[in-house]
Structure formats: C-alpha cells, structure tokens
file final26.cif (mmCIF, all heavy atoms)
data_run
#
loop_
_atom_site.label_atom_id
_atom_site.label_comp_id
_atom_site.auth_asym_id
_atom_site.auth_seq_id
_atom_site.Cartn_x
_atom_site.Cartn_y
_atom_site.Cartn_z
N MET Y 1 -11.70 20.20 17.50
CA MET Y 1 -12.06 18.81 17.45
C MET Y 1 -11.19 18.04 16.47
O MET Y 1 -10.72 16.96 16.77
CB MET Y 1 -13.53 18.68 17.06
CG MET Y 1 -14.05 17.26 17.15
SD MET Y 1 -15.82 17.19 17.15
CE MET Y 1 -16.12 16.92 15.43
N LEU Y 2 -10.93 18.58 15.29
CA LEU Y 2 -10.11 17.89 14.30
C LEU Y 2 -8.64 18.30 14.37
O LEU Y 2 -7.86 17.90 13.53
CB LEU Y 2 -10.65 18.18 12.89
CG LEU Y 2 -12.02 17.61 12.59
CD1 LEU Y 2 -12.49 18.07 11.22
CD2 LEU Y 2 -12.03 16.10 12.67
N ARG Y 3 -8.27 19.06 15.38
CA ARG Y 3 -6.90 19.54 15.48
C ARG Y 3 -5.90 18.43 15.77
O ARG Y 3 -4.78 18.48 15.30
CB ARG Y 3 -6.79 20.60 16.58
CG ARG Y 3 -7.34 21.94 16.16
CD ARG Y 3 -7.15 22.93 17.24
NE ARG Y 3 -8.26 22.74 18.19
CZ ARG Y 3 -8.25 23.12 19.45
NH1 ARG Y 3 -7.19 23.71 19.95
NH2 ARG Y 3 -9.27 22.92 20.23
N ASN Y 4 -6.28 17.44 16.52
CA ASN Y 4 -5.34 16.43 16.96
C ASN Y 4 -5.14 15.31 15.94
O ASN Y 4 -4.28 14.47 16.12
CB ASN Y 4 -5.78 15.82 18.30
CG ASN Y 4 -5.70 16.83 19.41
OD1 ASN Y 4 -4.95 17.79 19.32
ND2 ASN Y 4 -6.49 16.64 20.45
N GLY Y 5 -5.91 15.27 14.88
CA GLY Y 5 -5.74 14.25 13.86
C GLY Y 5 -6.00 12.86 14.42
O GLY Y 5 -7.05 12.59 14.95
N LEU Y 6 -5.01 11.98 14.27
CA LEU Y 6 -5.17 10.61 14.74
C LEU Y 6 -4.69 10.48 16.18
O LEU Y 6 -3.58 10.86 16.51
CB LEU Y 6 -4.36 9.65 13.87
CG LEU Y 6 -4.94 9.34 12.51
CD1 LEU Y 6 -3.99 8.46 11.72
CD2 LEU Y 6 -6.28 8.65 12.63
N GLU Y 7 -5.54 9.93 16.99
CA GLU Y 7 -5.17 9.64 18.36
C GLU Y 7 -5.10 8.12 18.51
O GLU Y 7 -5.61 7.39 17.66
CB GLU Y 7 -6.21 10.23 19.32
CG GLU Y 7 -6.20 11.75 19.29
CD GLU Y 7 -7.17 12.35 20.27
OE1 GLU Y 7 -7.70 11.61 21.13
OE2 GLU Y 7 -7.40 13.56 20.19
N PRO Y 8 -4.47 7.63 19.56
CA PRO Y 8 -4.33 6.18 19.72
C PRO Y 8 -5.66 5.42 19.68
O PRO Y 8 -5.74 4.34 19.13
CB PRO Y 8 -3.65 6.03 21.07
CG PRO Y 8 -2.91 7.30 21.26
CD PRO Y 8 -3.74 8.35 20.60
N TRP Y 9 -6.71 5.98 20.21
CA TRP Y 9 -7.98 5.27 20.22
C TRP Y 9 -8.59 5.20 18.82
O TRP Y 9 -9.34 4.27 18.53
CB TRP Y 9 -8.95 5.83 21.24
CG TRP Y 9 -9.42 7.23 20.99
CD1 TRP Y 9 -8.80 8.37 21.37
CD2 TRP Y 9 -10.61 7.61 20.32
NE1 TRP Y 9 -9.53 9.45 20.96
CE2 TRP Y 9 -10.65 9.02 20.32
CE3 TRP Y 9 -11.64 6.90 19.72
CZ2 TRP Y 9 -11.69 9.72 19.73
CZ3 TRP Y 9 -12.69 7.61 19.13
CH2 TRP Y 9 -12.69 9.01 19.14
N HIS Y 10 -8.25 6.15 17.94
CA HIS Y 10 -8.70 6.05 16.55
C HIS Y 10 -8.09 4.82 15.88
O HIS Y 10 -8.76 4.08 15.17
CB HIS Y 10 -8.30 7.29 15.75
CG HIS Y 10 -9.05 8.52 16.11
ND1 HIS Y 10 -8.40 9.70 16.43
CD2 HIS Y 10 -10.36 8.78 16.21
CE1 HIS Y 10 -9.30 10.62 16.69
NE2 HIS Y 10 -10.50 10.09 16.57
N LEU Y 11 -6.78 4.64 16.10
CA LEU Y 11 -6.10 3.49 15.53
C LEU Y 11 -6.63 2.18 16.10
O LEU Y 11 -6.72 1.18 15.38
CB LEU Y 11 -4.59 3.60 15.78
CG LEU Y 11 -3.93 4.82 15.14
CD1 LEU Y 11 -2.46 4.88 15.54
CD2 LEU Y 11 -4.07 4.77 13.64
N LEU Y 12 -7.01 2.18 17.36
CA LEU Y 12 -7.58 0.98 17.97
C LEU Y 12 -8.92 0.63 17.33
O LEU Y 12 -9.18 -0.53 17.03
CB LEU Y 12 -7.75 1.20 19.48
CG LEU Y 12 -8.34 0.03 20.26
CD1 LEU Y 12 -7.37 -1.16 20.21
CD2 LEU Y 12 -8.61 0.44 21.68
N ILE Y 13 -9.73 1.63 17.08
CA ILE Y 13 -11.02 1.39 16.42
C ILE Y 13 -10.80 0.83 15.02
O ILE Y 13 -11.46 -0.13 14.61
CB ILE Y 13 -11.86 2.69 16.38
CG1 ILE Y 13 -12.31 3.04 17.80
CG2 ILE Y 13 -13.07 2.53 15.47
CD1 ILE Y 13 -13.00 4.38 17.91
N VAL Y 14 -9.87 1.41 14.28
CA VAL Y 14 -9.57 0.91 12.94
C VAL Y 14 -9.06 -0.52 13.00
O VAL Y 14 -9.46 -1.37 12.19
CB VAL Y 14 -8.56 1.83 12.23
CG1 VAL Y 14 -8.07 1.21 10.93
CG2 VAL Y 14 -9.19 3.18 11.96
N ALA Y 15 -8.21 -0.82 13.97
CA ALA Y 15 -7.65 -2.17 14.10
C ALA Y 15 -8.74 -3.19 14.43
O ALA Y 15 -8.62 -4.36 14.07
CB ALA Y 15 -6.58 -2.19 15.19
N VAL Y 16 -9.80 -2.78 15.08
CA VAL Y 16 -10.89 -3.70 15.39
C VAL Y 16 -11.88 -3.81 14.24
O VAL Y 16 -12.34 -4.91 13.91
CB VAL Y 16 -11.61 -3.23 16.69
CG1 VAL Y 16 -12.89 -4.01 16.90
CG2 VAL Y 16 -10.70 -3.37 17.88
N VAL Y 17 -12.18 -2.70 13.58
CA VAL Y 17 -13.19 -2.69 12.52
C VAL Y 17 -12.66 -3.34 11.23
O VAL Y 17 -13.40 -4.04 10.55
CB VAL Y 17 -13.68 -1.25 12.25
CG1 VAL Y 17 -14.55 -1.17 11.02
CG2 VAL Y 17 -14.43 -0.74 13.46
N PHE Y 18 -11.41 -3.14 10.92
CA PHE Y 18 -10.83 -3.65 9.67
C PHE Y 18 -11.00 -5.17 9.53
O PHE Y 18 -11.49 -5.63 8.50
CB PHE Y 18 -9.36 -3.23 9.57
CG PHE Y 18 -8.80 -3.31 8.20
CD1 PHE Y 18 -9.14 -2.39 7.23
CD2 PHE Y 18 -7.91 -4.31 7.86
CE1 PHE Y 18 -8.62 -2.46 5.95
CE2 PHE Y 18 -7.37 -4.40 6.60
CZ PHE Y 18 -7.73 -3.47 5.64
N PRO Y 19 -10.62 -5.96 10.53
CA PRO Y 19 -10.83 -7.42 10.41
C PRO Y 19 -12.31 -7.81 10.32
O PRO Y 19 -12.66 -8.78 9.67
CB PRO Y 19 -10.21 -8.00 11.67
CG PRO Y 19 -9.27 -6.98 12.15
CD PRO Y 19 -9.84 -5.66 11.73
N LEU Y 20 -13.17 -7.04 10.98
CA LEU Y 20 -14.59 -7.35 10.90
C LEU Y 20 -15.14 -7.12 9.49
O LEU Y 20 -15.98 -7.88 9.02
CB LEU Y 20 -15.38 -6.49 11.90
CG LEU Y 20 -15.14 -6.80 13.37
CD1 LEU Y 20 -15.88 -5.81 14.25
CD2 LEU Y 20 -15.57 -8.22 13.70
N LEU Y 21 -14.64 -6.09 8.81
CA LEU Y 21 -15.12 -5.80 7.46
C LEU Y 21 -14.56 -6.77 6.42
O LEU Y 21 -15.29 -7.23 5.54
CB LEU Y 21 -14.73 -4.37 7.06
CG LEU Y 21 -15.47 -3.25 7.77
CD1 LEU Y 21 -14.89 -1.90 7.35
CD2 LEU Y 21 -16.95 -3.29 7.46
N PHE Y 22 -13.28 -7.06 6.51
CA PHE Y 22 -12.63 -7.84 5.47
C PHE Y 22 -12.45 -9.31 5.82
O PHE Y 22 -12.18 -10.13 4.95
CB PHE Y 22 -11.26 -7.23 5.13
CG PHE Y 22 -11.38 -5.89 4.50
CD1 PHE Y 22 -11.12 -4.75 5.23
CD2 PHE Y 22 -11.77 -5.76 3.18
CE1 PHE Y 22 -11.23 -3.50 4.65
CE2 PHE Y 22 -11.89 -4.52 2.59
CZ PHE Y 22 -11.63 -3.39 3.34
N GLY Y 23 -12.57 -9.66 7.05
CA GLY Y 23 -12.39 -11.05 7.45
C GLY Y 23 -10.92 -11.40 7.60
O GLY Y 23 -10.05 -10.81 6.98
N SER Y 24 -10.65 -12.40 8.42
CA SER Y 24 -9.26 -12.74 8.71
C SER Y 24 -8.58 -13.43 7.54
O SER Y 24 -7.36 -13.43 7.43
CB SER Y 24 -9.19 -13.62 9.96
OG SER Y 24 -9.93 -14.81 9.73
N ARG Y 25 -9.33 -14.05 6.64
CA ARG Y 25 -8.72 -14.75 5.51
C ARG Y 25 -8.20 -13.80 4.45
O ARG Y 25 -7.23 -14.10 3.76
CB ARG Y 25 -9.73 -15.70 4.87
CG ARG Y 25 -10.07 -16.86 5.76
CD ARG Y 25 -10.99 -17.81 5.09
NE ARG Y 25 -11.33 -18.90 6.00
CZ ARG Y 25 -12.20 -19.82 5.74
NH1 ARG Y 25 -12.85 -19.80 4.59
NH2 ARG Y 25 -12.45 -20.77 6.62
N LYS Y 26 -8.82 -12.65 4.29
CA LYS Y 26 -8.41 -11.71 3.25
C LYS Y 26 -7.33 -10.74 3.72
O LYS Y 26 -6.72 -10.06 2.89
CB LYS Y 26 -9.61 -10.91 2.76
CG LYS Y 26 -10.60 -11.75 1.99
CD LYS Y 26 -11.70 -10.89 1.42
CE LYS Y 26 -12.70 -11.74 0.67
NZ LYS Y 26 -13.79 -10.93 0.13
N LEU Y 27 -7.09 -10.66 5.01
CA LEU Y 27 -6.12 -9.69 5.52
C LEU Y 27 -4.70 -9.90 4.99
O LEU Y 27 -4.05 -8.92 4.61
CB LEU Y 27 -6.12 -9.69 7.05
CG LEU Y 27 -7.31 -8.96 7.68
CD1 LEU Y 27 -7.24 -9.07 9.19
CD2 LEU Y 27 -7.35 -7.52 7.26
N PRO Y 28 -4.17 -11.12 4.94
CA PRO Y 28 -2.81 -11.27 4.40
C PRO Y 28 -2.70 -10.82 2.94
O PRO Y 28 -1.72 -10.18 2.56
CB PRO Y 28 -2.54 -12.77 4.53
CG PRO Y 28 -3.43 -13.22 5.62
CD PRO Y 28 -4.66 -12.38 5.51
N ASP Y 29 -3.70 -11.14 2.13
CA ASP Y 29 -3.68 -10.70 0.73
C ASP Y 29 -3.78 -9.18 0.63
O ASP Y 29 -3.12 -8.56 -0.20
CB ASP Y 29 -4.83 -11.33 -0.05
CG ASP Y 29 -4.67 -12.82 -0.20
OD1 ASP Y 29 -3.51 -13.29 -0.18
OD2 ASP Y 29 -5.70 -13.52 -0.33
N THR Y 30 -4.59 -8.59 1.49
CA THR Y 30 -4.73 -7.14 1.51
C THR Y 30 -3.43 -6.48 1.93
O THR Y 30 -3.06 -5.42 1.41
CB THR Y 30 -5.86 -6.73 2.48
OG1 THR Y 30 -7.06 -7.41 2.11
CG2 THR Y 30 -6.11 -5.25 2.44
N ALA Y 31 -2.71 -7.09 2.84
CA ALA Y 31 -1.43 -6.54 3.30
C ALA Y 31 -0.35 -6.70 2.24
O ALA Y 31 0.55 -5.86 2.12
CB ALA Y 31 -1.01 -7.21 4.59
N ARG Y 32 -0.40 -7.77 1.44
CA ARG Y 32 0.61 -8.01 0.41
C ARG Y 32 0.40 -7.15 -0.84
O ARG Y 32 1.35 -6.87 -1.56
CB ARG Y 32 0.56 -9.48 -0.02
CG ARG Y 32 1.38 -10.36 0.85
CD ARG Y 32 1.45 -11.77 0.26
NE ARG Y 32 1.28 -12.70 1.34
CZ ARG Y 32 0.24 -13.48 1.52
NH1 ARG Y 32 -0.74 -13.50 0.65
NH2 ARG Y 32 0.17 -14.28 2.56
N ALA Y 33 -0.81 -6.75 -1.11
CA ALA Y 33 -1.13 -6.03 -2.35
C ALA Y 33 -0.31 -4.75 -2.54
O ALA Y 33 0.23 -4.53 -3.63
CB ALA Y 33 -2.62 -5.74 -2.41
N PRO Y 34 -0.18 -3.87 -1.55
CA PRO Y 34 0.63 -2.67 -1.77
C PRO Y 34 2.10 -3.00 -2.06
O PRO Y 34 2.73 -2.35 -2.88
CB PRO Y 34 0.50 -1.88 -0.46
CG PRO Y 34 -0.74 -2.37 0.16
CD PRO Y 34 -0.87 -3.80 -0.26
N GLY Y 35 2.63 -4.00 -1.39
CA GLY Y 35 4.03 -4.40 -1.64
C GLY Y 35 4.22 -4.89 -3.06
O GLY Y 35 5.21 -4.55 -3.71
N LYS Y 36 3.28 -5.69 -3.55
CA LYS Y 36 3.36 -6.17 -4.94
C LYS Y 36 3.28 -5.01 -5.92
O LYS Y 36 4.01 -4.97 -6.90
CB LYS Y 36 2.22 -7.16 -5.22
CG LYS Y 36 2.42 -8.51 -4.62
CD LYS Y 36 1.29 -9.42 -5.00
CE LYS Y 36 1.43 -10.79 -4.40
NZ LYS Y 36 0.31 -11.66 -4.76
N SER Y 37 2.40 -4.07 -5.63
CA SER Y 37 2.24 -2.92 -6.51
C SER Y 37 3.52 -2.09 -6.59
O SER Y 37 3.93 -1.65 -7.66
CB SER Y 37 1.09 -2.03 -6.03
OG SER Y 37 -0.11 -2.73 -6.04
N VAL Y 38 4.16 -1.89 -5.45
CA VAL Y 38 5.41 -1.12 -5.42
C VAL Y 38 6.50 -1.85 -6.19
O VAL Y 38 7.26 -1.24 -6.95
CB VAL Y 38 5.84 -0.84 -3.96
CG1 VAL Y 38 7.25 -0.29 -3.90
CG2 VAL Y 38 4.87 0.11 -3.30
N ARG Y 39 6.59 -3.19 -6.02
CA ARG Y 39 7.60 -3.96 -6.75
C ARG Y 39 7.37 -3.88 -8.26
O ARG Y 39 8.33 -3.73 -9.03
CB ARG Y 39 7.59 -5.42 -6.30
CG ARG Y 39 8.45 -5.64 -5.08
CD ARG Y 39 8.54 -7.11 -4.74
NE ARG Y 39 7.91 -7.26 -3.44
CZ ARG Y 39 6.87 -8.01 -3.16
NH1 ARG Y 39 6.35 -8.78 -4.07
NH2 ARG Y 39 6.37 -8.04 -1.96
N ILE Y 40 6.13 -3.97 -8.69
CA ILE Y 40 5.81 -3.88 -10.12
C ILE Y 40 6.18 -2.49 -10.65
O ILE Y 40 6.77 -2.36 -11.72
CB ILE Y 40 4.33 -4.20 -10.37
CG1 ILE Y 40 4.07 -5.68 -10.10
CG2 ILE Y 40 3.92 -3.83 -11.79
CD1 ILE Y 40 2.60 -6.04 -10.08
N LEU Y 41 5.82 -1.47 -9.89
CA LEU Y 41 6.13 -0.10 -10.30
C LEU Y 41 7.63 0.12 -10.44
O LEU Y 41 8.10 0.70 -11.42
CB LEU Y 41 5.54 0.89 -9.30
CG LEU Y 41 5.77 2.36 -9.60
CD1 LEU Y 41 5.04 2.76 -10.87
CD2 LEU Y 41 5.31 3.21 -8.44
N LYS Y 42 8.40 -0.39 -9.47
CA LYS Y 42 9.86 -0.24 -9.53
C LYS Y 42 10.45 -0.98 -10.72
O LYS Y 42 11.33 -0.46 -11.41
CB LYS Y 42 10.50 -0.77 -8.24
CG LYS Y 42 10.35 0.16 -7.07
CD LYS Y 42 11.07 -0.40 -5.85
CE LYS Y 42 10.96 0.51 -4.66
NZ LYS Y 42 11.67 -0.05 -3.50
N SER Y 43 9.97 -2.20 -10.98
CA SER Y 43 10.52 -2.97 -12.10
C SER Y 43 10.17 -2.31 -13.43
O SER Y 43 10.99 -2.28 -14.35
CB SER Y 43 10.03 -4.41 -12.06
OG SER Y 43 8.64 -4.47 -12.29
N GLU Y 44 8.97 -1.76 -13.55
CA GLU Y 44 8.59 -1.07 -14.79
C GLU Y 44 9.41 0.20 -14.98
O GLU Y 44 9.83 0.52 -16.10
CB GLU Y 44 7.09 -0.75 -14.78
CG GLU Y 44 6.21 -1.97 -14.87
CD GLU Y 44 6.36 -2.71 -16.18
OE1 GLU Y 44 6.55 -2.06 -17.22
OE2 GLU Y 44 6.27 -3.94 -16.17
N ALA Y 45 9.63 0.94 -13.91
CA ALA Y 45 10.44 2.16 -14.01
C ALA Y 45 11.87 1.82 -14.40
O ALA Y 45 12.49 2.51 -15.22
CB ALA Y 45 10.40 2.91 -12.68
N LYS Y 46 12.41 0.74 -13.83
CA LYS Y 46 13.76 0.31 -14.17
C LYS Y 46 13.85 -0.11 -15.63
O LYS Y 46 14.81 0.24 -16.33
CB LYS Y 46 14.17 -0.86 -13.26
CG LYS Y 46 15.59 -1.30 -13.42
CD LYS Y 46 15.92 -2.41 -12.44
CE LYS Y 46 17.35 -2.89 -12.61
NZ LYS Y 46 17.66 -3.97 -11.67
N ALA Y 47 12.84 -0.82 -16.11
CA ALA Y 47 12.81 -1.24 -17.51
C ALA Y 47 12.73 -0.04 -18.44
O ALA Y 47 13.38 -0.01 -19.49
CB ALA Y 47 11.64 -2.18 -17.75
N MET Y 48 11.96 0.96 -18.07
CA MET Y 48 11.85 2.16 -18.89
C MET Y 48 13.18 2.91 -18.94
O MET Y 48 13.58 3.41 -19.99
CB MET Y 48 10.75 3.08 -18.36
CG MET Y 48 9.36 2.57 -18.64
SD MET Y 48 8.07 3.61 -17.95
CE MET Y 48 8.33 5.12 -18.85
N LYS Y 49 13.88 2.98 -17.79
CA LYS Y 49 15.18 3.65 -17.76
C LYS Y 49 16.18 2.91 -18.64
O LYS Y 49 16.95 3.53 -19.37
CB LYS Y 49 15.71 3.73 -16.34
CG LYS Y 49 15.04 4.79 -15.51
CD LYS Y 49 15.66 4.85 -14.13
CE LYS Y 49 14.97 5.88 -13.26
NZ LYS Y 49 15.57 5.92 -11.91
N GLN Y 50 16.18 1.58 -18.58
CA GLN Y 50 17.09 0.81 -19.40
C GLN Y 50 16.77 0.97 -20.88
O GLN Y 50 17.66 1.09 -21.71
CB GLN Y 50 17.04 -0.68 -19.01
CG GLN Y 50 17.67 -0.96 -17.69
CD GLN Y 50 17.52 -2.41 -17.27
OE1 GLN Y 50 16.79 -3.17 -17.89
NE2 GLN Y 50 18.21 -2.79 -16.21
N LYS Y 51 15.50 1.00 -21.21
CA LYS Y 51 15.08 1.15 -22.60
C LYS Y 51 15.48 2.53 -23.12
O LYS Y 51 15.96 2.67 -24.23
CB LYS Y 51 13.57 0.97 -22.73
CG LYS Y 51 13.09 0.86 -24.17
CD LYS Y 51 11.60 0.73 -24.23
CE LYS Y 51 11.20 -0.72 -24.00
NZ LYS Y 51 9.76 -0.92 -24.26
N ASP Y 52 15.30 3.56 -22.30
CA ASP Y 52 15.69 4.92 -22.70
C ASP Y 52 17.20 5.03 -22.85
O ASP Y 52 17.70 5.70 -23.75
CB ASP Y 52 15.20 5.95 -21.67
CG ASP Y 52 13.70 6.15 -21.74
OD1 ASP Y 52 13.08 5.75 -22.76
OD2 ASP Y 52 13.14 6.67 -20.76
N GLY Y 53 17.95 4.36 -22.01
CA GLY Y 53 19.41 4.39 -22.08
C GLY Y 53 19.94 3.73 -23.34
O GLY Y 53 20.89 4.21 -23.96
N THR Y 54 19.33 2.65 -23.76
CA THR Y 54 19.80 1.97 -24.97
C THR Y 54 19.43 2.76 -26.21
O THR Y 54 20.19 2.81 -27.17
CB THR Y 54 19.20 0.55 -25.09
OG1 THR Y 54 17.78 0.64 -25.04
CG2 THR Y 54 19.69 -0.32 -23.95
N ARG Y 55 18.30 3.43 -26.21
CA ARG Y 55 17.94 4.26 -27.37
C ARG Y 55 18.87 5.45 -27.52
O ARG Y 55 19.26 5.81 -28.59
CB ARG Y 55 16.50 4.79 -27.21
CG ARG Y 55 15.46 3.79 -27.55
CD ARG Y 55 14.12 4.46 -27.55
NE ARG Y 55 13.07 3.47 -27.59
CZ ARG Y 55 11.83 3.68 -27.21
NH1 ARG Y 55 11.48 4.88 -26.75
NH2 ARG Y 55 10.92 2.74 -27.27
N GLY Y 56 19.21 6.06 -26.37
CA GLY Y 56 20.06 7.25 -26.42
C GLY Y 56 21.45 6.94 -26.93
O GLY Y 56 22.03 7.70 -27.70
N SER Y 57 22.01 5.82 -26.56
CA SER Y 57 23.36 5.50 -26.99
C SER Y 57 23.38 4.98 -28.44
O SER Y 57 24.35 5.15 -29.14
CB SER Y 57 23.98 4.43 -26.06
OG SER Y 57 23.23 3.25 -26.11
N ALA Y 58 22.29 4.37 -28.88
CA ALA Y 58 22.24 3.83 -30.24
C ALA Y 58 21.92 4.94 -31.24
O ALA Y 58 22.31 4.86 -32.41
CB ALA Y 58 21.20 2.71 -30.34
N GLY Y 59 21.18 5.96 -30.80
CA GLY Y 59 20.75 6.98 -31.75
C GLY Y 59 21.62 8.15 -31.72
O GLY Y 59 22.28 8.71 -32.46
#

call {"tool": "encode", "arguments": {"input": "final26.cif", "output": "structure tokens"}}
result
Amino acid sequence: MLRNGLEPWHLLIVAVVFPLLFGSRKLPDTARAPGKSVRILKSEAKAMKQKDGTRGSAG
C-alpha cells in the first residue's frame, strides 16, 4: 500500500486541500517564505565566510 509513495491523485488532493486550509490570500506569502529563508541563509553564510577570511589573513 505504501510502496508507491506519491501518486498523481495524491498531489491533486493536496492541491485542492491546501487552498481551502490557507485561503487564496495567504498562498503567495506562503510560497515566498521558503525563497526568503534561502536568500537569508545564503547571505548569512557568505558574511560568515568573509568574516572568517578577514580574520585569517589579519591574524
């Protein structure tokens, strides 16, 4: 029963239930949130690398 994982009809059910739970107004914000999180994570990682690089060359 669980061997096939996700089938197309599972995705269809999720696509119908998701807007009903969250409403159409919140969907764009919900879709943008992961992208914002990834951008913040990348910028913080880049800042940490730059900070580590300046310490290593100065010390």

call {"tool": "atom_distance", "arguments": {"input": "final26.cif", "atom1": "atom OG1 of Thr54 of chain Y", "atom2": "atom CB of Val38 of chain Y"}}
result
24.3 Å

call {"tool": "atom_distance", "arguments": {"input": "final26.cif", "atom1": "atom CA of Leu11 of chain Y", "atom2": "atom CD2 of Leu27 of chain Y"}}
result
13.8 Å

call {"tool": "axis_aligned_box", "arguments": {"input": "final26.cif", "around": "segment 22-32 of chain Y", "padding_each_side": "8 Å", "output": "AutoDock Vina command-line options"}}
result
--center_x -6.2 --center_y -12.1 --center_z 4.2 --size_x 31.2 --size_y 33.4 --size_z 27.5

call {"tool": "atom_distance", "arguments": {"input": "final26.cif", "atom1": "atom CG of Phe18 of chain Y", "atom2": "atom NH2 of Arg39 of chain Y"}}
result
18.9 Å

call {"tool": "select_by_dssp", "arguments": {"input": "final26.cif", "residues": "chain Y", "states": "alpha helix (DSSP H)", "output": "count of residues only"}}
result
47
